[in-house]
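Below: final-v4.cif (mmCIF, N, CA and C atoms)
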```
data_data
#
loop_
_atom_site.label_atom_id
_atom_site.label_comp_id
_atom_site.auth_asym_id
_atom_site.auth_seq_id
_atom_site.Cartn_x
_atom_site.Cartn_y
_atom_site.Cartn_z
N PHE W 1088 -20.29 8.26 143.42
CA PHE W 1088 -20.10 6.91 142.90
C PHE W 1088 -21.31 6.05 143.24
N PRO W 1089 -21.70 5.19 142.34
CA PRO W 1089 -22.87 4.35 142.61
C PRO W 1089 -22.65 3.43 143.81
N VAL W 1090 -23.68 3.32 144.63
CA VAL W 1090 -23.66 2.37 145.75
C VAL W 1090 -23.89 0.97 145.23
N THR W 1091 -24.80 0.83 144.30
CA THR W 1091 -25.18 -0.48 143.79
C THR W 1091 -24.85 -0.58 142.31
N ILE W 1092 -24.07 -1.59 141.93
CA ILE W 1092 -23.88 -1.93 140.52
C ILE W 1092 -24.15 -3.43 140.44
N ALA W 1093 -25.09 -3.81 139.57
CA ALA W 1093 -25.47 -5.22 139.50
C ALA W 1093 -25.95 -5.57 138.11
N GLN W 1094 -25.87 -6.85 137.80
CA GLN W 1094 -26.47 -7.35 136.57
C GLN W 1094 -27.97 -7.49 136.80
N VAL W 1095 -28.74 -7.12 135.81
CA VAL W 1095 -30.19 -7.29 135.89
C VAL W 1095 -30.50 -8.78 135.80
N LYS W 1096 -31.25 -9.27 136.76
CA LYS W 1096 -31.61 -10.69 136.79
C LYS W 1096 -32.83 -10.91 135.90
N ILE W 1097 -32.68 -11.82 134.96
CA ILE W 1097 -33.76 -12.18 134.04
C ILE W 1097 -33.91 -13.68 134.15
N ASP W 1098 -35.12 -14.14 134.46
CA ASP W 1098 -35.29 -15.57 134.72
C ASP W 1098 -36.46 -16.20 133.98
N GLU W 1099 -36.98 -15.50 132.98
CA GLU W 1099 -38.15 -16.02 132.27
C GLU W 1099 -38.04 -15.68 130.79
N THR W 1100 -38.37 -16.64 129.95
CA THR W 1100 -38.37 -16.44 128.50
C THR W 1100 -39.78 -16.69 127.97
N ASP W 1101 -40.30 -15.76 127.20
CA ASP W 1101 -41.61 -15.95 126.57
C ASP W 1101 -41.47 -16.65 125.23
N LEU W 1102 -40.63 -16.11 124.35
CA LEU W 1102 -40.39 -16.68 123.02
C LEU W 1102 -38.89 -16.64 122.76
N SER W 1103 -38.40 -17.62 122.03
CA SER W 1103 -36.96 -17.64 121.75
C SER W 1103 -36.69 -18.34 120.43
N ASN W 1104 -35.81 -17.73 119.62
CA ASN W 1104 -35.37 -18.34 118.38
C ASN W 1104 -33.97 -17.80 118.09
N GLY W 1105 -32.95 -18.61 118.38
CA GLY W 1105 -31.59 -18.19 118.12
C GLY W 1105 -30.92 -17.45 119.26
N VAL W 1106 -31.64 -17.26 120.36
CA VAL W 1106 -31.05 -16.67 121.57
C VAL W 1106 -31.46 -17.52 122.75
N THR W 1107 -30.57 -17.64 123.74
CA THR W 1107 -30.90 -18.42 124.92
C THR W 1107 -30.57 -17.62 126.17
N LEU W 1108 -31.30 -17.91 127.23
CA LEU W 1108 -31.13 -17.26 128.52
C LEU W 1108 -30.43 -18.23 129.45
N SER W 1109 -29.39 -17.75 130.15
CA SER W 1109 -28.69 -18.60 131.11
C SER W 1109 -28.19 -17.76 132.28
N GLY W 1110 -27.77 -18.45 133.33
CA GLY W 1110 -27.23 -17.77 134.49
C GLY W 1110 -28.23 -16.82 135.10
N VAL W 1111 -27.76 -15.65 135.51
CA VAL W 1111 -28.64 -14.66 136.15
C VAL W 1111 -29.28 -13.71 135.15
N GLY W 1112 -29.05 -13.93 133.87
CA GLY W 1112 -29.64 -13.06 132.87
C GLY W 1112 -28.76 -12.86 131.66
N ASP W 1113 -27.85 -13.79 131.42
CA ASP W 1113 -27.02 -13.71 130.23
C ASP W 1113 -27.81 -14.19 129.02
N ILE W 1114 -27.74 -13.43 127.95
CA ILE W 1114 -28.42 -13.75 126.70
C ILE W 1114 -27.34 -14.16 125.70
N THR W 1115 -27.35 -15.42 125.28
CA THR W 1115 -26.37 -15.89 124.31
C THR W 1115 -26.99 -15.88 122.92
N ILE W 1116 -26.31 -15.25 121.99
CA ILE W 1116 -26.78 -15.12 120.61
C ILE W 1116 -26.11 -16.20 119.77
N ALA W 1117 -26.90 -17.06 119.14
CA ALA W 1117 -26.36 -18.19 118.39
C ALA W 1117 -25.83 -17.81 117.02
N ASN W 1118 -26.48 -16.84 116.37
CA ASN W 1118 -26.15 -16.55 114.98
C ASN W 1118 -25.66 -15.13 114.79
N ALA W 1119 -24.66 -14.96 113.93
CA ALA W 1119 -24.14 -13.63 113.61
C ALA W 1119 -25.24 -12.80 112.96
N GLY W 1120 -25.17 -11.49 113.15
CA GLY W 1120 -26.12 -10.60 112.50
C GLY W 1120 -26.29 -9.31 113.27
N VAL W 1121 -27.16 -8.46 112.75
CA VAL W 1121 -27.50 -7.20 113.42
C VAL W 1121 -28.78 -7.43 114.22
N TYR W 1122 -28.74 -7.04 115.48
CA TYR W 1122 -29.86 -7.24 116.41
C TYR W 1122 -30.32 -5.91 116.97
N ASN W 1123 -31.63 -5.80 117.17
CA ASN W 1123 -32.21 -4.68 117.91
C ASN W 1123 -32.47 -5.23 119.31
N ILE W 1124 -31.77 -4.67 120.30
CA ILE W 1124 -31.90 -5.13 121.68
C ILE W 1124 -32.56 -4.00 122.47
N GLN W 1125 -33.66 -4.33 123.15
CA GLN W 1125 -34.46 -3.33 123.84
C GLN W 1125 -34.73 -3.77 125.27
N PHE W 1126 -34.89 -2.79 126.16
CA PHE W 1126 -35.33 -3.12 127.51
C PHE W 1126 -36.27 -2.05 128.04
N SER W 1127 -37.07 -2.45 129.00
CA SER W 1127 -37.77 -1.50 129.87
C SER W 1127 -37.56 -2.01 131.29
N ILE W 1128 -37.27 -1.08 132.19
CA ILE W 1128 -37.05 -1.40 133.60
C ILE W 1128 -37.99 -0.55 134.43
N GLN W 1129 -38.68 -1.19 135.38
CA GLN W 1129 -39.53 -0.49 136.35
C GLN W 1129 -38.69 -0.27 137.62
N PHE W 1130 -38.30 0.98 137.87
CA PHE W 1130 -37.56 1.34 139.08
C PHE W 1130 -38.53 1.83 140.15
N LEU W 1131 -38.35 1.37 141.39
CA LEU W 1131 -39.12 1.86 142.53
C LEU W 1131 -38.14 2.31 143.61
N ASN W 1132 -38.29 3.56 144.07
CA ASN W 1132 -37.41 4.14 145.08
C ASN W 1132 -38.17 4.26 146.40
N SER W 1133 -37.72 3.52 147.41
CA SER W 1133 -38.35 3.55 148.72
C SER W 1133 -37.71 4.57 149.66
N GLY W 1134 -36.68 5.28 149.18
CA GLY W 1134 -35.96 6.25 150.01
C GLY W 1134 -36.66 7.59 150.12
N ASN W 1135 -36.16 8.42 151.03
CA ASN W 1135 -36.72 9.75 151.27
C ASN W 1135 -36.10 10.82 150.37
N ASP W 1136 -35.11 10.43 149.57
CA ASP W 1136 -34.46 11.35 148.64
C ASP W 1136 -34.55 10.78 147.23
N VAL W 1137 -34.43 11.64 146.22
CA VAL W 1137 -34.36 11.15 144.85
C VAL W 1137 -33.13 10.26 144.72
N ASP W 1138 -33.15 9.35 143.76
CA ASP W 1138 -32.02 8.44 143.54
C ASP W 1138 -31.69 8.42 142.06
N ASP W 1139 -30.43 8.62 141.75
CA ASP W 1139 -29.98 8.58 140.36
C ASP W 1139 -29.64 7.14 139.98
N VAL W 1140 -30.20 6.69 138.86
CA VAL W 1140 -29.99 5.32 138.38
C VAL W 1140 -29.42 5.36 136.97
N ALA W 1141 -28.80 4.25 136.58
CA ALA W 1141 -28.29 4.11 135.22
C ALA W 1141 -28.49 2.66 134.79
N ALA W 1142 -28.59 2.45 133.50
CA ALA W 1142 -28.66 1.10 132.94
C ALA W 1142 -27.84 1.10 131.65
N TRP W 1143 -27.18 -0.05 131.38
CA TRP W 1143 -26.35 -0.16 130.18
C TRP W 1143 -26.19 -1.63 129.81
N PHE W 1144 -25.75 -1.86 128.58
CA PHE W 1144 -25.54 -3.21 128.08
C PHE W 1144 -24.06 -3.58 128.15
N ARG W 1145 -23.82 -4.87 128.34
CA ARG W 1145 -22.47 -5.44 128.21
C ARG W 1145 -22.53 -6.52 127.13
N ALA W 1146 -21.40 -6.68 126.44
CA ALA W 1146 -21.24 -7.79 125.49
C ALA W 1146 -19.97 -8.53 125.90
N ASN W 1147 -20.11 -9.81 126.17
CA ASN W 1147 -18.98 -10.64 126.55
C ASN W 1147 -18.22 -10.06 127.75
N GLY W 1148 -18.98 -9.48 128.69
CA GLY W 1148 -18.40 -8.95 129.92
C GLY W 1148 -17.89 -7.53 129.86
N ASN W 1149 -17.95 -6.89 128.68
CA ASN W 1149 -17.45 -5.53 128.52
C ASN W 1149 -18.58 -4.57 128.20
N PRO W 1150 -18.56 -3.35 128.77
CA PRO W 1150 -19.62 -2.39 128.45
C PRO W 1150 -19.68 -2.10 126.95
N ILE W 1151 -20.90 -2.00 126.42
CA ILE W 1151 -21.08 -1.61 125.02
C ILE W 1151 -21.05 -0.09 124.97
N SER W 1152 -20.18 0.45 124.15
CA SER W 1152 -20.00 1.89 124.02
C SER W 1152 -21.33 2.60 123.74
N LYS W 1153 -21.54 3.70 124.39
CA LYS W 1153 -22.70 4.59 124.19
C LYS W 1153 -24.03 3.89 124.45
N SER W 1154 -24.06 2.89 125.35
CA SER W 1154 -25.31 2.18 125.63
C SER W 1154 -25.94 2.58 126.96
N ALA W 1155 -25.32 3.47 127.73
CA ALA W 1155 -25.85 3.83 129.05
C ALA W 1155 -26.94 4.88 128.96
N SER W 1156 -27.91 4.75 129.86
CA SER W 1156 -28.95 5.76 130.06
C SER W 1156 -29.01 6.08 131.54
N HIS W 1157 -29.30 7.35 131.86
CA HIS W 1157 -29.35 7.82 133.25
C HIS W 1157 -30.70 8.48 133.51
N ALA W 1158 -31.19 8.33 134.74
CA ALA W 1158 -32.45 8.96 135.12
C ALA W 1158 -32.46 9.18 136.63
N THR W 1159 -33.36 10.03 137.08
CA THR W 1159 -33.55 10.29 138.50
C THR W 1159 -34.93 9.78 138.89
N VAL W 1160 -34.96 8.92 139.93
CA VAL W 1160 -36.22 8.35 140.42
C VAL W 1160 -36.69 9.19 141.61
N ALA W 1161 -37.94 9.63 141.57
CA ALA W 1161 -38.50 10.43 142.66
C ALA W 1161 -38.45 9.68 143.98
N GLN W 1162 -38.45 10.44 145.05
CA GLN W 1162 -38.44 9.84 146.38
C GLN W 1162 -39.81 9.25 146.73
N SER W 1163 -39.80 8.43 147.79
CA SER W 1163 -41.03 7.85 148.32
C SER W 1163 -41.95 8.98 148.77
N HIS W 1164 -43.25 8.74 148.66
CA HIS W 1164 -44.24 9.74 149.08
C HIS W 1164 -45.41 9.03 149.71
N ALA W 1165 -46.44 9.75 150.12
CA ALA W 1165 -47.56 9.17 150.87
C ALA W 1165 -48.22 7.99 150.17
N ALA W 1166 -48.28 8.02 148.84
CA ALA W 1166 -48.94 6.95 148.09
C ALA W 1166 -48.04 5.76 147.84
N GLY W 1167 -46.74 5.85 148.18
CA GLY W 1167 -45.84 4.73 147.97
C GLY W 1167 -44.50 5.17 147.44
N PRO W 1168 -43.73 4.23 146.92
CA PRO W 1168 -42.39 4.55 146.43
C PRO W 1168 -42.44 5.40 145.16
N GLY W 1169 -41.37 6.15 144.94
CA GLY W 1169 -41.22 6.85 143.67
C GLY W 1169 -41.02 5.82 142.56
N ALA W 1170 -41.57 6.08 141.39
CA ALA W 1170 -41.51 5.09 140.30
C ALA W 1170 -41.05 5.75 139.01
N LEU W 1171 -40.35 4.97 138.20
CA LEU W 1171 -39.88 5.43 136.90
C LEU W 1171 -39.70 4.23 136.00
N ILE W 1172 -40.11 4.38 134.74
CA ILE W 1172 -39.83 3.36 133.72
C ILE W 1172 -38.76 3.92 132.79
N MET W 1173 -37.71 3.14 132.58
CA MET W 1173 -36.66 3.51 131.63
C MET W 1173 -36.75 2.53 130.47
N THR W 1174 -36.74 3.04 129.25
CA THR W 1174 -36.76 2.18 128.07
C THR W 1174 -35.65 2.63 127.11
N VAL W 1175 -34.99 1.65 126.53
CA VAL W 1175 -33.88 1.93 125.61
C VAL W 1175 -33.83 0.83 124.57
N ASN W 1176 -33.40 1.18 123.38
CA ASN W 1176 -33.05 0.15 122.40
C ASN W 1176 -31.78 0.55 121.69
N LEU W 1177 -31.03 -0.45 121.24
CA LEU W 1177 -29.83 -0.18 120.47
C LEU W 1177 -29.65 -1.27 119.42
N PHE W 1178 -28.89 -0.96 118.41
CA PHE W 1178 -28.53 -1.93 117.38
C PHE W 1178 -27.14 -2.45 117.71
N TYR W 1179 -26.99 -3.77 117.59
CA TYR W 1179 -25.74 -4.42 117.96
C TYR W 1179 -25.41 -5.47 116.90
N THR W 1180 -24.18 -5.43 116.39
CA THR W 1180 -23.72 -6.43 115.43
C THR W 1180 -23.06 -7.56 116.21
N ALA W 1181 -23.69 -8.72 116.21
CA ALA W 1181 -23.26 -9.85 117.02
C ALA W 1181 -22.49 -10.88 116.22
N ALA W 1182 -21.56 -11.50 116.90
CA ALA W 1182 -20.87 -12.69 116.38
C ALA W 1182 -21.51 -13.91 117.04
N PRO W 1183 -21.41 -15.09 116.42
CA PRO W 1183 -21.97 -16.28 117.04
C PRO W 1183 -21.38 -16.49 118.45
N GLY W 1184 -22.24 -16.73 119.42
CA GLY W 1184 -21.80 -16.98 120.78
C GLY W 1184 -21.65 -15.75 121.65
N ASP W 1185 -21.89 -14.55 121.10
CA ASP W 1185 -21.82 -13.35 121.93
C ASP W 1185 -22.81 -13.46 123.09
N VAL W 1186 -22.38 -12.97 124.24
CA VAL W 1186 -23.23 -12.99 125.44
C VAL W 1186 -23.53 -11.54 125.83
N ILE W 1187 -24.82 -11.21 125.82
CA ILE W 1187 -25.29 -9.86 126.16
C ILE W 1187 -25.88 -9.90 127.56
N SER W 1188 -25.57 -8.87 128.34
CA SER W 1188 -26.19 -8.74 129.65
C SER W 1188 -26.56 -7.28 129.87
N LEU W 1189 -27.50 -7.08 130.77
CA LEU W 1189 -28.00 -5.75 131.11
C LEU W 1189 -27.55 -5.44 132.54
N MET W 1190 -26.96 -4.27 132.73
CA MET W 1190 -26.44 -3.85 134.03
C MET W 1190 -27.23 -2.64 134.51
N TRP W 1191 -27.17 -2.39 135.84
CA TRP W 1191 -27.81 -1.19 136.36
C TRP W 1191 -27.07 -0.72 137.62
N SER W 1192 -27.28 0.54 137.96
CA SER W 1192 -26.68 1.09 139.17
C SER W 1192 -27.65 2.06 139.82
N SER W 1193 -27.43 2.26 141.12
CA SER W 1193 -28.22 3.19 141.93
C SER W 1193 -27.26 3.97 142.81
N ASP W 1194 -27.31 5.30 142.76
CA ASP W 1194 -26.39 6.12 143.55
C ASP W 1194 -26.64 6.01 145.05
N LYS W 1195 -27.90 6.02 145.47
CA LYS W 1195 -28.22 5.99 146.89
C LYS W 1195 -28.44 4.56 147.42
N GLY W 1196 -28.74 3.62 146.52
CA GLY W 1196 -29.01 2.26 146.96
C GLY W 1196 -30.41 2.06 147.50
N THR W 1197 -31.30 3.04 147.28
CA THR W 1197 -32.68 2.93 147.78
C THR W 1197 -33.65 2.51 146.70
N THR W 1198 -33.17 2.37 145.48
CA THR W 1198 -34.03 2.00 144.36
C THR W 1198 -33.85 0.53 144.04
N ALA W 1199 -34.96 -0.11 143.67
CA ALA W 1199 -34.96 -1.53 143.29
C ALA W 1199 -35.67 -1.68 141.95
N LEU W 1200 -35.39 -2.80 141.28
CA LEU W 1200 -36.15 -3.18 140.08
C LEU W 1200 -37.30 -4.02 140.60
N SER W 1201 -38.52 -3.59 140.35
CA SER W 1201 -39.64 -4.27 140.98
C SER W 1201 -40.89 -4.21 140.11
N SER W 1202 -41.63 -5.31 140.10
CA SER W 1202 -42.92 -5.34 139.43
C SER W 1202 -43.93 -4.54 140.23
N ILE W 1203 -44.92 -4.01 139.53
CA ILE W 1203 -46.09 -3.44 140.19
C ILE W 1203 -47.24 -4.35 139.79
N TYR W 1204 -47.81 -4.99 140.77
CA TYR W 1204 -48.82 -6.01 140.52
C TYR W 1204 -50.16 -5.41 140.13
N PRO W 1205 -51.01 -6.19 139.45
CA PRO W 1205 -52.30 -5.68 138.98
C PRO W 1205 -53.13 -5.10 140.13
N ILE W 1206 -53.80 -4.00 139.82
CA ILE W 1206 -54.69 -3.39 140.81
C ILE W 1206 -55.80 -2.66 140.07
N ASN W 1207 -57.02 -2.85 140.51
CA ASN W 1207 -58.19 -2.14 139.96
C ASN W 1207 -58.29 -2.25 138.45
N GLY W 1208 -57.98 -3.42 137.89
CA GLY W 1208 -58.11 -3.64 136.45
C GLY W 1208 -56.91 -3.20 135.63
N ILE W 1209 -55.90 -2.62 136.27
CA ILE W 1209 -54.68 -2.24 135.56
C ILE W 1209 -53.74 -3.44 135.58
N PRO W 1210 -53.23 -3.89 134.43
CA PRO W 1210 -52.37 -5.07 134.41
C PRO W 1210 -51.04 -4.84 135.12
N GLN W 1211 -50.33 -5.92 135.34
CA GLN W 1211 -49.02 -5.89 135.97
C GLN W 1211 -48.02 -5.08 135.15
N SER W 1212 -47.13 -4.38 135.84
CA SER W 1212 -45.98 -3.74 135.22
C SER W 1212 -44.76 -4.59 135.59
N PRO W 1213 -44.23 -5.39 134.67
CA PRO W 1213 -43.08 -6.23 135.00
C PRO W 1213 -41.86 -5.39 135.40
N ALA W 1214 -41.01 -5.95 136.24
CA ALA W 1214 -39.79 -5.26 136.65
C ALA W 1214 -38.90 -5.01 135.44
N VAL W 1215 -38.75 -6.01 134.58
CA VAL W 1215 -37.86 -5.90 133.43
C VAL W 1215 -38.47 -6.63 132.23
N ILE W 1216 -38.39 -6.01 131.08
CA ILE W 1216 -38.69 -6.66 129.81
C ILE W 1216 -37.47 -6.46 128.92
N LEU W 1217 -36.92 -7.55 128.41
CA LEU W 1217 -35.77 -7.47 127.51
C LEU W 1217 -36.14 -8.19 126.23
N THR W 1218 -35.94 -7.52 125.10
CA THR W 1218 -36.29 -8.08 123.80
C THR W 1218 -35.06 -8.05 122.89
N VAL W 1219 -34.81 -9.18 122.23
CA VAL W 1219 -33.70 -9.29 121.29
C VAL W 1219 -34.27 -9.75 119.96
N ASN W 1220 -34.20 -8.89 118.93
CA ASN W 1220 -34.72 -9.21 117.60
C ASN W 1220 -33.61 -9.14 116.57
N LYS W 1221 -33.45 -10.22 115.79
CA LYS W 1221 -32.49 -10.17 114.68
C LYS W 1221 -33.14 -9.43 113.54
N ILE W 1222 -32.43 -8.41 113.01
CA ILE W 1222 -33.02 -7.61 111.94
C ILE W 1222 -32.27 -7.77 110.61
N ALA W 1223 -31.06 -8.32 110.65
CA ALA W 1223 -30.33 -8.52 109.40
C ALA W 1223 -29.30 -9.61 109.57
#
```

Structure re-expressed in structure tokens:
Amino acid sequence: FPVTIAQVKIDETDLSNGVTLSGVGDITIANAGVYNIQFSIQFLNSGNDVDDVAAWFRANGNPISKSASHATVAQSHAAGPGALIMTVNLFYTAAPGDVISLMWSSDKGTTALSSIYPINGIPQSPAVILTVNKIA
């Protein structure tokens, strides 16, 4: 059973039209339609063992069917924590006012969502990128 189950915290918006960010990462959709919702998460495992993680979407507090993805994050090693990027997209038919959130879990509790800051000319890897595009 997962040790950690939490909502992904999102606190920054780059561009917005018809969707708003509130709370710890709730995305409210203003207009009905079909949306392509995508995320990428940077997982870092500081533990000495591999850690199994999962991420999935919720709509209005309920899991969205068939939206979960699972992966194993490598253990910490001499160069630093084990790292993994998970990316997923799904199509979702929204009603006005639907609230979408992104959830995640960690079996061992040694993995975190974390940015990797710029080094030696390589740009930052954000902890989370979430994109919501209306397509119809």

Mind dumping a table of every region 1093-1156 of chain W residue within 6 Å of region 1217-1221 of chain W, with the nearest atom pair and its distance in Å to one decimal, using all atoms listed in the file, sorted by chain and rising number, as CSV?
```
residue,atom,partner,partner_atom,distance
W:Val1121,C,W:Lys1221,CA,4.6
W:Tyr1122,CA,W:Asn1220,C,4.2
W:Asn1123,N,W:Asn1220,C,3.9
W:Ile1124,CA,W:Thr1218,C,4.5
W:Gln1125,C,W:Thr1218,N,3.9
W:Phe1126,CA,W:Leu1217,CA,4.4
W:Ser1127,N,W:Leu1217,N,5.1
```

Practice item. Could you give me, as a PyMOL selection string, the residues within 12 Å of region 1102-1114 of chain W, counting only C-alpha atoms and dropping anything in the same chain fewer than 2 positions from it? Key: chain W and resi 1093-1100+1116-1120+1122+1124+1144-1148+1181+1183-1190+1215-1221

Practice item. Using the chain letters and numbering of this document, enumerate as a ChimeraX atom specification the residues selected by the PyMOL selection byres ((chain W and resi 1159-1173) around 7). Key: /W:1126-1140,1157-1158,1174-1175

Could you list the residues chosen by the PyMOL selection byres ((chain W and resi 1192) around 7) in this structure as a PDB file with N, CA and C atoms, keeping the file's coordinate frame?
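Contents of part01.pdb, as written:
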```pdb
ATOM      1  N   PRO W1089     -21.700   5.190 142.340  1.00  0.00           N
ATOM      2  CA  PRO W1089     -22.870   4.350 142.610  1.00  0.00           C
ATOM      3  C   PRO W1089     -22.650   3.430 143.810  1.00  0.00           C
ATOM      4  N   VAL W1090     -23.680   3.320 144.630  1.00  0.00           N
ATOM      5  CA  VAL W1090     -23.660   2.370 145.750  1.00  0.00           C
ATOM      6  C   VAL W1090     -23.890   0.970 145.230  1.00  0.00           C
ATOM      7  N   THR W1091     -24.800   0.830 144.300  1.00  0.00           N
ATOM      8  CA  THR W1091     -25.180  -0.480 143.790  1.00  0.00           C
ATOM      9  C   THR W1091     -24.850  -0.580 142.310  1.00  0.00           C
ATOM     10  N   ILE W1092     -24.070  -1.590 141.930  1.00  0.00           N
ATOM     11  CA  ILE W1092     -23.880  -1.930 140.520  1.00  0.00           C
ATOM     12  C   ILE W1092     -24.150  -3.430 140.440  1.00  0.00           C
ATOM     13  N   ALA W1093     -25.090  -3.810 139.570  1.00  0.00           N
ATOM     14  CA  ALA W1093     -25.470  -5.220 139.500  1.00  0.00           C
ATOM     15  C   ALA W1093     -25.950  -5.570 138.110  1.00  0.00           C
ATOM     16  N   ASP W1139     -30.430   8.620 141.750  1.00  0.00           N
ATOM     17  CA  ASP W1139     -29.980   8.580 140.360  1.00  0.00           C
ATOM     18  C   ASP W1139     -29.640   7.140 139.980  1.00  0.00           C
ATOM     19  N   VAL W1140     -30.200   6.690 138.860  1.00  0.00           N
ATOM     20  CA  VAL W1140     -29.990   5.320 138.380  1.00  0.00           C
ATOM     21  C   VAL W1140     -29.420   5.360 136.970  1.00  0.00           C
ATOM     22  N   ALA W1141     -28.800   4.250 136.580  1.00  0.00           N
ATOM     23  CA  ALA W1141     -28.290   4.110 135.220  1.00  0.00           C
ATOM     24  C   ALA W1141     -28.490   2.660 134.790  1.00  0.00           C
ATOM     25  N   ALA W1142     -28.590   2.450 133.500  1.00  0.00           N
ATOM     26  CA  ALA W1142     -28.660   1.100 132.940  1.00  0.00           C
ATOM     27  C   ALA W1142     -27.840   1.100 131.650  1.00  0.00           C
ATOM     28  N   TRP W1143     -27.180  -0.050 131.380  1.00  0.00           N
ATOM     29  CA  TRP W1143     -26.350  -0.160 130.180  1.00  0.00           C
ATOM     30  C   TRP W1143     -26.190  -1.630 129.810  1.00  0.00           C
ATOM     31  N   MET W1190     -26.960  -4.270 132.730  1.00  0.00           N
ATOM     32  CA  MET W1190     -26.440  -3.850 134.030  1.00  0.00           C
ATOM     33  C   MET W1190     -27.230  -2.640 134.510  1.00  0.00           C
ATOM     34  N   TRP W1191     -27.170  -2.390 135.840  1.00  0.00           N
ATOM     35  CA  TRP W1191     -27.810  -1.190 136.360  1.00  0.00           C
ATOM     36  C   TRP W1191     -27.070  -0.720 137.620  1.00  0.00           C
ATOM     37  N   SER W1193     -27.430   2.260 141.120  1.00  0.00           N
ATOM     38  CA  SER W1193     -28.220   3.190 141.930  1.00  0.00           C
ATOM     39  C   SER W1193     -27.260   3.970 142.810  1.00  0.00           C
ATOM     40  N   ASP W1194     -27.310   5.300 142.760  1.00  0.00           N
ATOM     41  CA  ASP W1194     -26.390   6.120 143.550  1.00  0.00           C
ATOM     42  C   ASP W1194     -26.640   6.010 145.050  1.00  0.00           C
ATOM     43  N   LYS W1195     -27.900   6.020 145.470  1.00  0.00           N
ATOM     44  CA  LYS W1195     -28.220   5.990 146.890  1.00  0.00           C
ATOM     45  C   LYS W1195     -28.440   4.560 147.420  1.00  0.00           C
ATOM     46  N   GLY W1196     -28.740   3.620 146.520  1.00  0.00           N
ATOM     47  CA  GLY W1196     -29.010   2.260 146.960  1.00  0.00           C
ATOM     48  C   GLY W1196     -30.410   2.060 147.500  1.00  0.00           C
TER      49      GLY W1196
END
```

Check your understanding: Distance atom C of Leu1200 (chain W)-atom N of Thr1180 (chain W), one decimal place?
Key ->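 Value for the atom C of Leu1200 (chain W)-atom N of Thr1180 (chain W) distance: 27.6 Å.
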
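You will find atom C of Thr1115 (chain W) at 14.9 Å from atom C of Ala1223 (chain W).
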
Point to revise | Computed interatomic separation between CA of Asn1176 (chain W) and CA of Pro1205 (chain W) (Å) | key: 26.1 Å

Working from the structure I just supplied, which lacks atoms in region 1152-1156 of chain W, can you model all heavy atoms there and output them as a JSON list (two decimals), in the frame of the given file?
```
[["chain", "number", "residue", "atom", "x", "y", "z"],
["W", 1152, "SER", "N", -20.18, 0.45, 124.15],
["W", 1152, "SER", "CA", -20.00, 1.89, 124.02],
["W", 1152, "SER", "C", -21.33, 2.60, 123.74],
["W", 1152, "SER", "O", -22.14, 2.13, 122.93],
["W", 1152, "SER", "CB", -19.02, 2.17, 122.88],
["W", 1152, "SER", "OG", -18.84, 3.55, 122.70],
["W", 1153, "LYS", "N", -21.54, 3.70, 124.39],
["W", 1153, "LYS", "CA", -22.70, 4.59, 124.19],
["W", 1153, "LYS", "C", -24.03, 3.89, 124.45],
["W", 1153, "LYS", "O", -25.05, 4.26, 123.88],
["W", 1153, "LYS", "CB", -22.68, 5.20, 122.79],
["W", 1153, "LYS", "CG", -21.44, 6.02, 122.53],
["W", 1153, "LYS", "CD", -21.42, 6.58, 121.13],
["W", 1153, "LYS", "CE", -20.13, 7.34, 120.87],
["W", 1153, "LYS", "NZ", -20.03, 7.82, 119.51],
["W", 1154, "SER", "N", -24.06, 2.89, 125.35],
["W", 1154, "SER", "CA", -25.31, 2.18, 125.63],
["W", 1154, "SER", "C", -25.94, 2.58, 126.96],
["W", 1154, "SER", "O", -27.02, 2.09, 127.29],
["W", 1154, "SER", "CB", -25.08, 0.66, 125.62],
["W", 1154, "SER", "OG", -24.34, 0.24, 126.75],
["W", 1155, "ALA", "N", -25.32, 3.47, 127.73],
["W", 1155, "ALA", "CA", -25.85, 3.83, 129.05],
["W", 1155, "ALA", "C", -26.94, 4.88, 128.96],
["W", 1155, "ALA", "O", -26.90, 5.78, 128.11],
["W", 1155, "ALA", "CB", -24.72, 4.33, 129.95],
["W", 1156, "SER", "N", -27.91, 4.75, 129.86],
["W", 1156, "SER", "CA", -28.95, 5.76, 130.06],
["W", 1156, "SER", "C", -29.01, 6.08, 131.54],
["W", 1156, "SER", "O", -28.82, 5.20, 132.38],
["W", 1156, "SER", "CB", -30.31, 5.25, 129.58],
["W", 1156, "SER", "OG", -30.30, 5.11, 128.18]]
```
